[in-house]
>>> print(open('coords.txt').read())   # compact mmCIF, C-alpha atoms
# COMPACT_ATOMS: atom_id res chain seq x y z
CA MET Q 1 6.14 -29.73 -7.68
CA ASP Q 2 9.78 -29.10 -6.97
CA ASP Q 3 11.76 -30.76 -4.25
CA LEU Q 4 11.69 -27.87 -1.79
CA GLN Q 5 8.00 -27.43 -2.20
CA ILE Q 6 7.39 -31.08 -1.46
CA ARG Q 7 9.58 -31.00 1.63
CA ARG Q 8 7.75 -27.93 2.84
CA CYS Q 9 4.41 -29.59 2.28
CA ILE Q 10 5.43 -32.75 4.07
CA LEU Q 11 6.88 -30.91 7.02
CA ALA Q 12 3.93 -28.56 7.28
CA ASP Q 13 1.36 -31.33 7.24
CA PRO Q 14 2.66 -34.91 7.08
CA LYS Q 15 -0.83 -36.35 6.90
CA SER Q 16 -1.99 -34.47 3.84
CA ARG Q 17 -1.48 -36.27 0.58
CA ASP Q 18 -2.88 -34.80 -2.60
CA GLU Q 19 -2.63 -36.34 -6.07
CA ALA Q 20 0.46 -34.36 -7.11
CA MET Q 21 2.23 -35.28 -3.89
CA LEU Q 22 1.49 -38.98 -4.21
CA ASN Q 23 2.80 -39.03 -7.75
CA ALA Q 24 5.95 -37.19 -6.73
CA LEU Q 25 6.56 -39.60 -3.86
CA LYS Q 26 6.03 -42.64 -6.07
CA SER Q 27 8.47 -41.41 -8.67
CA ASP Q 28 11.27 -40.54 -6.24
CA PRO Q 29 12.48 -42.94 -3.50
CA THR Q 30 14.44 -40.21 -1.67
CA LYS Q 31 11.31 -38.16 -1.35
CA GLU Q 32 9.40 -41.18 -0.20
CA LYS Q 33 12.07 -41.91 2.39
CA PHE Q 34 11.88 -38.34 3.59
CA ALA Q 35 8.12 -38.57 3.86
CA LYS Q 36 8.41 -41.76 5.90
CA GLU Q 37 10.98 -40.15 8.22
CA VAL Q 38 8.75 -37.19 8.83
CA GLU Q 39 5.79 -39.46 9.45
CA ALA Q 40 7.83 -41.36 12.01
CA LEU Q 41 8.96 -38.10 13.57
CA ASP Q 42 5.38 -36.93 13.73
CA PHE Q 43 4.42 -40.10 15.51
CA GLU Q 44 7.16 -39.42 18.05
CA ILE Q 45 6.07 -35.82 18.39
CA ALA Q 46 2.49 -36.89 18.98
CA ARG Q 47 3.66 -39.36 21.63
CA ALA Q 48 5.88 -36.79 23.29
CA MET Q 49 3.12 -34.25 23.31
CA CYS Q 50 0.69 -36.66 24.93
CA ILE Q 51 1.80 -35.85 28.41
CA PRO Q 52 -0.12 -37.75 31.05
CA THR Q 53 -3.15 -35.93 32.39
CA PRO Q 54 -3.55 -35.66 36.14
CA ASP Q 55 -5.58 -38.41 37.76
CA ASP Q 56 -9.25 -37.66 37.99
CA LEU Q 57 -9.00 -34.35 36.20
CA ALA Q 58 -12.36 -35.01 34.56
CA ASN Q 59 -14.00 -35.74 37.89
CA LYS Q 60 -12.43 -32.68 39.43
CA LEU Q 61 -13.79 -30.54 36.62
CA ILE Q 62 -17.28 -31.94 37.05
CA LEU Q 63 -17.13 -31.56 40.81
CA ARG Q 64 -15.99 -27.98 40.61
CA GLN Q 65 -18.73 -27.09 38.18
CA THR Q 66 -21.36 -28.79 40.35
CA LEU Q 67 -20.23 -26.83 43.38
CA ALA Q 68 -20.05 -23.59 41.44
CA SER Q 69 -23.47 -23.98 39.90
CA HIS Q 70 -24.88 -24.94 43.29
CA GLN Q 71 -23.57 -21.66 44.69
CA GLN Q 72 -24.97 -19.87 41.67
CA GLN Q 73 -28.36 -21.47 42.14
CA LYS Q 74 -28.40 -20.51 45.77
CA SER Q 75 -27.69 -16.91 44.98
CA LYS Q 76 -30.17 -17.05 42.10
CA LYS Q 77 -32.82 -18.29 44.52
CA ARG Q 78 -32.07 -15.38 46.79
CA ILE Q 79 -32.25 -12.94 43.90
CA ARG Q 80 -35.55 -14.45 42.77
CA LEU Q 81 -36.96 -14.21 46.26
CA ALA Q 82 -35.85 -10.61 46.52
CA MET Q 83 -37.39 -9.86 43.14
CA ALA Q 84 -40.67 -11.53 44.05
CA ALA Q 85 -40.72 -9.55 47.27
CA SER Q 86 -40.14 -6.26 45.50
CA VAL Q 87 -42.79 -7.04 42.90
CA ALA Q 88 -45.26 -7.84 45.67
CA PHE Q 89 -44.27 -4.67 47.47
CA VAL Q 90 -44.74 -2.51 44.40
CA MET Q 91 -48.05 -4.19 43.64
CA GLY Q 92 -49.20 -3.56 47.18
CA LEU Q 93 -48.23 0.07 46.91
CA SER Q 94 -49.94 0.59 43.59
CA ILE Q 95 -53.11 -1.21 44.63
CA ASN Q 96 -53.17 0.94 47.71
CA PHE Q 97 -52.67 3.98 45.57
CA MET Q 98 -55.39 3.01 43.11
CA MET Q 99 -57.91 1.97 45.75
CA PHE Q 100 -57.52 4.77 48.17
CA SER Q 101 -56.56 7.75 46.17
CA ASN Q 102 -58.97 10.08 44.49
CA SER Q 103 -59.11 10.03 40.80
CA TYR Q 104 -61.64 12.86 40.83
CA LYS Q 105 -60.65 16.45 40.91
CA ASN Q 106 -63.87 17.81 42.24
CA LEU Q 107 -67.08 16.81 43.95
CA GLY Q 108 -69.09 17.10 40.76
CA ASP Q 109 -67.00 14.54 38.88
CA TYR Q 110 -67.14 12.28 41.85
CA ALA Q 111 -70.91 12.53 42.27
CA ILE Q 112 -71.70 12.05 38.58
CA ALA Q 113 -69.42 9.01 38.37
CA HIS Q 114 -71.02 7.56 41.47
CA VAL Q 115 -74.53 8.10 40.17
CA ASN Q 116 -73.72 6.59 36.79
CA HIS Q 117 -72.06 3.64 38.42
CA GLU Q 118 -75.13 2.74 40.45
CA ALA Q 119 -77.97 4.17 38.38
CA GLU Q 120 -79.21 0.78 37.24
CA HIS Q 121 -79.86 -0.31 40.81
CA PHE Q 122 -82.45 2.37 41.46
CA SER Q 123 -85.77 3.00 39.87
CA ASN Q 124 -87.95 6.00 40.46
CA ASN Q 125 -90.88 3.67 41.17
CA ASP Q 126 -89.25 1.84 44.06
CA LEU Q 127 -91.38 1.97 47.16
CA SER Q 128 -90.22 4.11 49.99
CA SER Q 129 -88.50 1.95 52.53
CA VAL Q 130 -86.40 4.21 54.67
CA THR Q 131 -87.73 5.99 57.69
CA LEU Q 132 -86.42 9.21 59.10
CA ALA Q 133 -85.23 7.37 62.19
CA SER Q 134 -83.06 4.96 60.29
CA LEU Q 135 -81.79 7.77 58.05
CA ASN Q 136 -80.69 9.73 61.11
CA GLU Q 137 -79.14 6.66 62.61
CA LYS Q 138 -76.92 6.50 59.57
CA MET Q 139 -76.35 10.24 59.60
CA ALA Q 140 -75.00 9.93 63.12
CA VAL Q 141 -71.67 8.82 61.67
CA PHE Q 142 -71.38 12.26 60.10
CA ASN Q 143 -72.67 13.93 63.28
CA GLY Q 144 -75.69 15.22 61.44
CA SER Q 145 -79.42 14.69 61.36
CA PHE Q 146 -82.37 15.61 59.20
CA ASN Q 147 -85.65 17.08 60.41
CA SER Q 148 -87.59 15.32 57.67
CA THR Q 149 -86.85 12.82 54.95
CA LEU Q 150 -86.94 15.66 52.39
CA GLY Q 151 -89.14 13.63 50.08
CA THR Q 152 -89.71 9.98 49.33
CA LEU Q 153 -86.53 8.27 50.44
CA ILE Q 154 -86.03 5.05 48.49
CA PHE Q 155 -82.62 4.03 49.72
CA ALA Q 156 -80.09 5.05 52.32
CA ASP Q 157 -76.87 3.26 53.01
CA TYR Q 158 -73.15 3.69 53.32
CA CYS Q 159 -71.31 3.40 50.15
CA ARG Q 160 -67.62 3.15 49.45
CA PHE Q 161 -67.12 4.51 46.03
CA ASP Q 162 -63.56 4.81 44.77
CA GLY Q 163 -62.06 5.01 48.17
CA ASN Q 164 -64.46 7.54 49.65
CA LYS Q 165 -66.84 6.42 52.29
CA SER Q 166 -70.12 8.24 51.96
CA LEU Q 167 -73.79 7.97 52.83
CA HIS Q 168 -75.76 7.47 49.68
CA LEU Q 169 -79.41 8.55 49.69
CA VAL Q 170 -81.79 8.01 46.81
CA PHE Q 171 -85.03 9.97 46.62
CA GLN Q 172 -87.90 9.73 44.29
CA GLY Q 173 -87.59 12.53 41.80
CA GLN Q 174 -89.94 13.87 39.15
CA ALA Q 175 -88.78 11.60 36.34
CA SER Q 176 -85.77 9.75 37.73
CA PRO Q 177 -84.29 9.24 41.16
CA VAL Q 178 -82.46 12.03 42.89
CA ASN Q 179 -79.16 10.97 44.46
CA MET Q 180 -77.69 12.58 47.50
CA PHE Q 181 -74.27 11.94 48.94
CA ILE Q 182 -73.08 12.93 52.36
CA LEU Q 183 -69.34 12.60 52.50
CA PRO Q 184 -66.61 13.90 54.77
CA ASN Q 185 -64.49 16.83 53.71
CA ASP Q 186 -61.53 15.71 51.73
CA LYS Q 187 -58.92 18.24 50.84
CA ASP Q 188 -57.93 16.20 47.80
CA ILE Q 189 -61.29 16.76 46.19
CA GLU Q 190 -62.06 20.29 45.18
CA PHE Q 191 -65.37 21.65 46.35
CA ILE Q 192 -67.58 22.76 43.50
CA ALA Q 193 -70.97 24.31 44.26
CA SER Q 194 -72.70 23.56 40.99
CA PHE Q 195 -71.98 21.12 38.19
CA ALA Q 196 -73.67 19.39 35.30
CA ASN Q 197 -73.10 17.15 32.36
CA ASP Q 198 -75.36 16.48 29.37
CA LYS Q 199 -77.91 14.52 31.44
CA LEU Q 200 -77.34 15.35 35.08
CA GLN Q 201 -77.02 18.43 37.17
CA GLY Q 202 -75.98 18.84 40.74
CA ARG Q 203 -75.45 21.17 43.65
CA SER Q 204 -73.08 20.84 46.57
CA LEU Q 205 -73.41 22.17 50.06
CA HIS Q 206 -70.36 22.74 52.17
CA PHE Q 207 -70.50 22.27 55.91
CA ASN Q 208 -67.85 22.19 58.62
CA HIS Q 209 -67.03 18.52 58.45
CA SER Q 210 -69.06 17.22 55.56
CA ASN Q 211 -70.23 17.96 52.09
CA ILE Q 212 -73.67 17.16 50.79
CA ILE Q 213 -74.16 16.73 47.09
CA VAL Q 214 -77.51 16.51 45.29
CA VAL Q 215 -77.60 15.08 41.80
CA GLY Q 216 -80.65 14.80 39.62
CA ASP Q 217 -81.58 14.85 35.97
CA LYS Q 218 -81.99 18.08 34.06
CA LYS Q 219 -85.74 18.29 34.68
CA GLU Q 220 -85.34 18.12 38.40
CA PRO Q 221 -85.75 21.39 40.33
CA ILE Q 222 -82.32 20.94 41.80
CA GLU Q 223 -82.21 24.30 43.54
CA GLN Q 224 -85.28 23.29 45.53
CA TRP Q 225 -83.52 20.15 46.66
CA ARG Q 226 -80.54 22.13 47.71
CA GLU Q 227 -82.73 24.52 49.67
CA ARG Q 228 -84.57 21.64 51.30
CA VAL Q 229 -81.35 20.08 52.49
CA ASN Q 230 -80.14 23.39 53.83
CA GLN Q 231 -83.32 23.85 55.85
CA ASN Q 232 -83.61 20.35 57.22
CA ILE Q 233 -80.06 19.46 58.14
CA SER Q 234 -78.59 20.10 61.53
CA TRP Q 235 -75.14 19.19 62.81
CA SER Q 236 -74.29 18.18 66.31
CA ILE Q 237 -70.78 19.65 66.08
CA MET P 1 -30.87 -28.24 33.71
CA ALA P 2 -30.23 -31.95 33.47
CA THR P 3 -29.48 -31.79 29.79
CA LYS P 4 -27.04 -28.97 30.30
CA GLN P 5 -25.30 -31.03 32.97
CA VAL P 6 -25.17 -34.02 30.66
CA ARG P 7 -23.74 -31.96 27.83
CA TYR P 8 -21.17 -30.49 30.14
CA GLU P 9 -20.03 -33.84 31.49
CA ALA P 10 -19.78 -35.26 28.00
CA LEU P 11 -17.71 -32.27 27.00
CA VAL P 12 -15.41 -32.68 29.98
CA LYS P 13 -14.90 -36.38 29.41
CA ALA P 14 -14.29 -36.07 25.70
CA LEU P 15 -12.03 -33.06 25.69
CA HIS P 16 -10.35 -32.47 29.04
CA ALA P 17 -7.21 -34.45 28.15
CA ASP P 18 -6.61 -32.64 24.88
CA LEU P 19 -7.30 -29.34 26.55
CA TYR P 20 -4.97 -30.10 29.41
CA ARG P 21 -2.19 -31.06 27.01
CA TYR P 22 -2.75 -27.98 24.95
CA GLY P 23 -2.62 -25.90 28.11
CA TYR P 24 0.52 -27.64 29.21
CA TRP P 25 2.29 -26.83 25.97
CA LEU P 26 1.21 -23.22 26.30
CA CYS P 27 2.61 -22.74 29.78
CA HIS P 28 4.92 -25.73 30.48
CA ASP P 29 3.58 -26.12 33.96
CA LYS P 30 1.24 -28.88 34.91
CA HIS P 31 -0.29 -26.95 37.79
CA ILE P 32 -0.92 -23.87 35.72
CA ALA P 33 -2.22 -26.09 32.93
CA GLU P 34 -4.66 -27.66 35.36
CA ASP P 35 -5.79 -24.25 36.58
CA LEU P 36 -6.25 -23.12 33.01
CA VAL P 37 -8.38 -26.15 32.23
CA GLN P 38 -10.46 -25.63 35.38
CA GLU P 39 -11.05 -22.00 34.53
CA THR P 40 -11.79 -22.83 30.91
CA PHE P 41 -14.42 -25.42 31.78
CA LEU P 42 -15.99 -23.16 34.35
CA ARG P 43 -16.37 -20.44 31.75
CA ALA P 44 -17.56 -23.02 29.28
CA TRP P 45 -20.29 -24.04 31.71
CA ARG P 46 -21.51 -20.48 32.04
CA ALA P 47 -21.58 -20.00 28.29
CA LEU P 48 -22.65 -23.51 27.37
CA ASP P 49 -25.93 -22.32 25.91
CA SER P 50 -24.04 -20.30 23.35
CA LEU P 51 -22.37 -23.44 22.04
CA LYS P 52 -24.73 -24.50 19.29
CA ASP P 53 -22.48 -26.73 17.26
CA GLU P 54 -21.04 -29.63 19.21
CA LYS P 55 -18.44 -30.18 16.51
CA ALA P 56 -17.02 -26.75 17.19
CA ALA P 57 -16.69 -27.53 20.90
CA LYS P 58 -12.99 -28.29 20.81
CA SER P 59 -11.94 -25.11 19.04
CA TRP P 60 -14.37 -23.17 21.21
CA LEU P 61 -12.77 -24.53 24.38
CA ILE P 62 -9.28 -23.92 23.04
CA THR P 63 -10.21 -20.33 22.27
CA ILE P 64 -11.40 -19.91 25.85
CA LEU P 65 -8.22 -21.47 27.18
CA ARG P 66 -6.01 -19.23 25.06
CA ARG P 67 -7.85 -16.21 26.39
CA GLU P 68 -7.43 -17.45 29.95
CA ASN P 69 -3.74 -17.96 29.32
CA ALA P 70 -3.40 -14.45 27.91
CA ARG P 71 -5.15 -13.12 31.00
CA ARG P 72 -2.63 -14.92 33.15
CA PHE P 73 0.11 -12.95 31.41
CA GLU P 74 -1.74 -9.71 31.96
CA ARG P 75 -2.05 -10.51 35.64
CA LYS P 76 1.51 -11.55 36.34
CA ARG P 77 3.58 -10.05 33.63
CA PHE P 78 6.48 -9.47 36.00
CA ASP P 79 6.65 -13.03 37.23
CA MET P 80 7.62 -14.14 33.81
CA SER P 81 10.89 -12.24 33.54
CA GLU P 82 12.92 -15.04 35.10
CA TYR P 83 11.37 -17.58 32.85
CA GLU P 84 13.74 -19.96 31.18
CA GLU P 85 12.47 -22.70 29.01
CA ALA P 86 15.58 -24.85 29.35
CA THR P 87 14.85 -25.41 33.03
CA ILE P 88 11.59 -27.19 32.37
CA THR P 89 11.32 -30.30 34.40
CA ASP P 90 9.58 -33.27 33.04
CA VAL P 91 6.45 -34.53 34.60
CA LYS P 92 7.37 -38.16 34.42
CA ALA P 93 10.04 -40.24 36.08
CA LEU P 94 12.55 -41.55 33.58
CA SER P 95 11.90 -45.21 33.78
CA SER P 96 12.31 -46.62 30.33
CA GLU P 97 14.04 -45.91 27.07
CA GLN P 98 10.82 -44.64 25.54
CA ASP P 99 10.49 -42.18 28.37
CA ILE P 100 14.03 -40.95 27.82
CA GLU P 101 13.20 -40.50 24.19
CA ASN P 102 9.96 -38.66 25.02
CA HIS P 103 11.69 -36.55 27.58
CA TRP P 104 14.34 -35.52 25.11
CA LEU P 105 11.79 -34.68 22.44
CA ARG P 106 9.58 -32.88 24.92
CA GLU P 107 12.44 -30.57 25.74
CA LYS P 108 13.00 -29.92 22.08
CA ILE P 109 9.31 -29.16 21.61
CA ALA P 110 9.37 -26.88 24.63
CA GLN P 111 12.36 -25.05 23.21
CA LEU P 112 10.56 -24.24 19.99
CA PRO P 113 9.54 -20.61 19.68
CA GLU P 114 6.01 -20.27 20.91
CA GLU P 115 4.68 -19.06 17.57
CA TYR P 116 5.87 -22.33 16.01
CA ARG P 117 4.93 -24.58 18.87
CA GLU P 118 1.32 -23.48 19.22
CA PRO P 119 0.20 -24.35 15.68
CA LEU P 120 2.08 -27.62 15.94
CA VAL P 121 0.27 -28.54 19.15
CA LEU P 122 -3.04 -27.62 17.58
CA GLN P 123 -2.28 -29.76 14.56
CA VAL P 124 -0.89 -32.80 16.36
CA ILE P 125 -3.05 -32.90 19.49
CA GLY P 126 -6.09 -31.00 18.29
CA GLY P 127 -6.13 -32.57 14.83
CA PHE P 128 -7.07 -29.22 13.30
CA SER P 129 -6.49 -28.36 9.67
CA GLY P 130 -4.37 -25.45 8.51
CA GLU P 131 -7.48 -23.36 7.91
CA GLU P 132 -8.88 -24.11 11.35
CA ILE P 133 -5.61 -23.23 13.07
CA ALA P 134 -5.40 -20.07 11.03
CA SER P 135 -8.83 -18.93 12.17
CA MET P 136 -8.16 -19.88 15.79
CA LEU P 137 -4.88 -17.97 15.92
CA SER P 138 -6.15 -15.13 13.69
CA LEU P 139 -3.40 -15.71 11.14
CA ASN P 140 -3.61 -16.44 7.46
CA LYS P 141 -3.23 -20.00 6.31
CA ASN P 142 0.11 -19.50 4.59
CA THR P 143 1.65 -18.13 7.76
CA VAL P 144 0.35 -21.13 9.69
CA MET P 145 1.73 -23.59 7.13
CA THR P 146 5.10 -21.85 7.19
CA ARG P 147 5.24 -22.01 10.95
CA LEU P 148 4.26 -25.67 10.95
CA PHE P 149 6.99 -26.36 8.43
CA ARG P 150 9.58 -24.50 10.51
CA ALA P 151 8.49 -26.20 13.72
CA ARG P 152 8.87 -29.69 12.25
CA ASN P 153 11.99 -28.72 10.39
CA GLN P 154 13.65 -27.61 13.64
CA LEU P 155 12.59 -30.80 15.39
CA LYS P 156 13.79 -32.92 12.51
CA GLU P 157 17.16 -31.19 12.47
CA ALA P 158 17.46 -31.68 16.21
CA VAL P 159 16.64 -35.36 15.85
CA ASP P 160 19.05 -35.78 12.96
CA ASN P 161 21.83 -34.12 14.95
CA GLU P 162 21.36 -36.44 17.89
CA PRO P 163 22.96 -39.58 16.43
CA LYS P 164 23.66 -41.27 19.73
CA LEU P 165 20.11 -41.23 20.93
CA ARG P 166 18.64 -41.99 17.56
CA GLY P 167 21.15 -44.81 17.07
CA ARG P 168 20.18 -46.34 20.35
CA HIS P 169 16.57 -46.06 19.48
CA ASN P 170 16.92 -47.42 15.98
CA GLY P 171 19.41 -50.14 16.82
>>> encode(input="coords.txt", output="structure tokens")
Amino acid sequence: MDDLQIRRCILADPKSRDEAMLNALKSDPTKEKFAKEVEALDFEIARAMCIPTPDDLANKLILRQTLASHQQQKSKKRIRLAMAASVAFVMGLSINFMMFSNSYKNLGDYAIAHVNHEAEHFSNNDLSSVTLASLNEKMAVFNGSFNSTLGTLIFADYCRFDGNKSLHLVFQGQASPVNMFILPNDKDIEFIASFANDKLQGRSLHFNHSNIIVVGDKKEPIEQWRERVNQNISWSI
Amino acid sequence: MATKQVRYEALVKALHADLYRYGYWLCHDKHIAEDLVQETFLRAWRALDSLKDEKAAKSWLITILRRENARRFERKRFDMSEYEEATITDVKALSSEQDIENHWLREKIAQLPEEYREPLVLQVIGGFSGEEIASMLSLNKNTVMTRLFRARNQLKEAVDNEPKLRGRHNG
């Protein structure tokens, strides 16, 4: 290490002392003196640089942060509340939409889904329990009445299926129950006069304010049912 | 939340003085230095989760402070035209010989070109190595060492050429 190099090293970093440097300093008193001078200077520099910090700076910093994060939390709370409110709002909307909108394009889909949904509750061997009077009482809501019970009426009650309020009648059929639905006209559901799937078949009758749908299995003389409804129904308006 | 608060307070207590001094030597104004430190710690609080290594806290905070200082220049570039380093007033009343000495040396430090002064402050106050300073200032290590050498060399020459003061001090 030459002299200039050593001076540079000492001035650049007075605290660093590698092996070569220590040897050089030991062997040369002038270099050692220089190193000591720079060390002393560095001490002075460090002292000069240590300007006094303002009183309570640390406390001020903590206080400011506490206030700032308090503000932040307050606004966060507001944001969270707003978010919760919007989530609730959207959920309300979508539940409303799901509950009260029609997922069926036509009466046939609706009727078949309704029958399938409730098929297990009805058996063809159930005893007749509904009289014509109580049937017509229920029909009054639709401003209609029947002249006869059309057959053996097992069940008659209002039914809300997928957002549509209807009167659900179950008759004894030849092999399985025949379902009949009386439901108000709904422009969202397309009227379809005749429909079927692999097990069921159905007919719909369109009246001024209501539709009547008959659904039975494939063996059922469904046209007869349709005819029977047509002959026995009468509307007050 | 509590742990974050605890970390923050520990950080403030351990490092605010060094940070303030570093800020002071960047801007030579104790009020601006205080503002810089306030702003730095506020930003540090917001980003505290990103600080994984507590050992790196000091250089992390200094990096934030440098950025804040640079922003200050962007904001008021035109205010700085009248700036004169020789007119720096000292923060302390001159009450003793040591203070006179410090005051004199402080002026000399303040008169150093900024590119020399900053690495020197980082080395002396921050206790950073040449490599660390190099990475903080985005310079290579040799440049940093050269600047450190020049900074001390200028101070040493100034001290050597001030026989009266040094004599008084030494005698």
>>> atom_distance(input="coords.txt", atom1="atom CA of Q:Arg47", atom2="atom CA of Q:Lys26")
28.0 Å
>>> atom_distance(input="coords.txt", atom1="atom CA of Q:Lys138", atom2="atom CA of Q:Arg203")
21.7 Å
>>> interface_residues(input="coords.txt", of="chain P", to="chain Q", cutoff="7 Å", atoms="all atoms listed in the file", output="NGL selection string")
:P and (9 or 12-13 or 16-17 or 20-21 or 38 or 42 or 102 or 105-106 or 124-125 or 145-146 or 148-149 or 152-153)
>>> residues_around(input="coords.txt", residues="Q:Phe146", least_positions_apart="4", cutoff="10 Å", atoms="all atoms listed in the file", output="PyMOL selection string")
chain Q and resi 132-133+135-136+139+150+229-235
>>> write_last_selection(input="coords.txt", atoms="C-alpha atoms", output="PDB file, in the coordinates of the input")
ATOM      1  CA  LEU Q 132     -86.420   9.210  59.100  1.00  0.00           C
ATOM      2  CA  ALA Q 133     -85.230   7.370  62.190  1.00  0.00           C
ATOM      3  CA  LEU Q 135     -81.790   7.770  58.050  1.00  0.00           C
ATOM      4  CA  ASN Q 136     -80.690   9.730  61.110  1.00  0.00           C
ATOM      5  CA  MET Q 139     -76.350  10.240  59.600  1.00  0.00           C
ATOM      6  CA  LEU Q 150     -86.940  15.660  52.390  1.00  0.00           C
ATOM      7  CA  VAL Q 229     -81.350  20.080  52.490  1.00  0.00           C
ATOM      8  CA  ASN Q 230     -80.140  23.390  53.830  1.00  0.00           C
ATOM      9  CA  GLN Q 231     -83.320  23.850  55.850  1.00  0.00           C
ATOM     10  CA  ASN Q 232     -83.610  20.350  57.220  1.00  0.00           C
ATOM     11  CA  ILE Q 233     -80.060  19.460  58.140  1.00  0.00           C
ATOM     12  CA  SER Q 234     -78.590  20.100  61.530  1.00  0.00           C
ATOM     13  CA  TRP Q 235     -75.140  19.190  62.810  1.00  0.00           C
TER      14      TRP Q 235
END
>>> axis_aligned_box(input="coords.txt", around="stretch 70-83 of chain Q", padding_each_side="5 Å", output="AutoDock Vina command-line options")
--center_x -30.5 --center_y -17.4 --center_z 44.2 --size_x 23.8 --size_y 25.1 --size_z 15.1
>>> closest_residue(input="coords.txt", among="P:Leu26, P:Ala56, P:Leu51, P:Leu155", to="P:Lys108", atoms="all atoms listed in the file")
P:Leu155
>>> closest_residue(input="coords.txt", among="P:Lys156, P:Asp29, P:Glu118, P:Glu34", to="Q:Glu39", atoms="only C-alpha atoms")
P:Lys156
>>> atom_distance(input="coords.txt", atom1="atom CA of P:Asp160", atom2="atom CA of P:Glu101")
13.5 Å
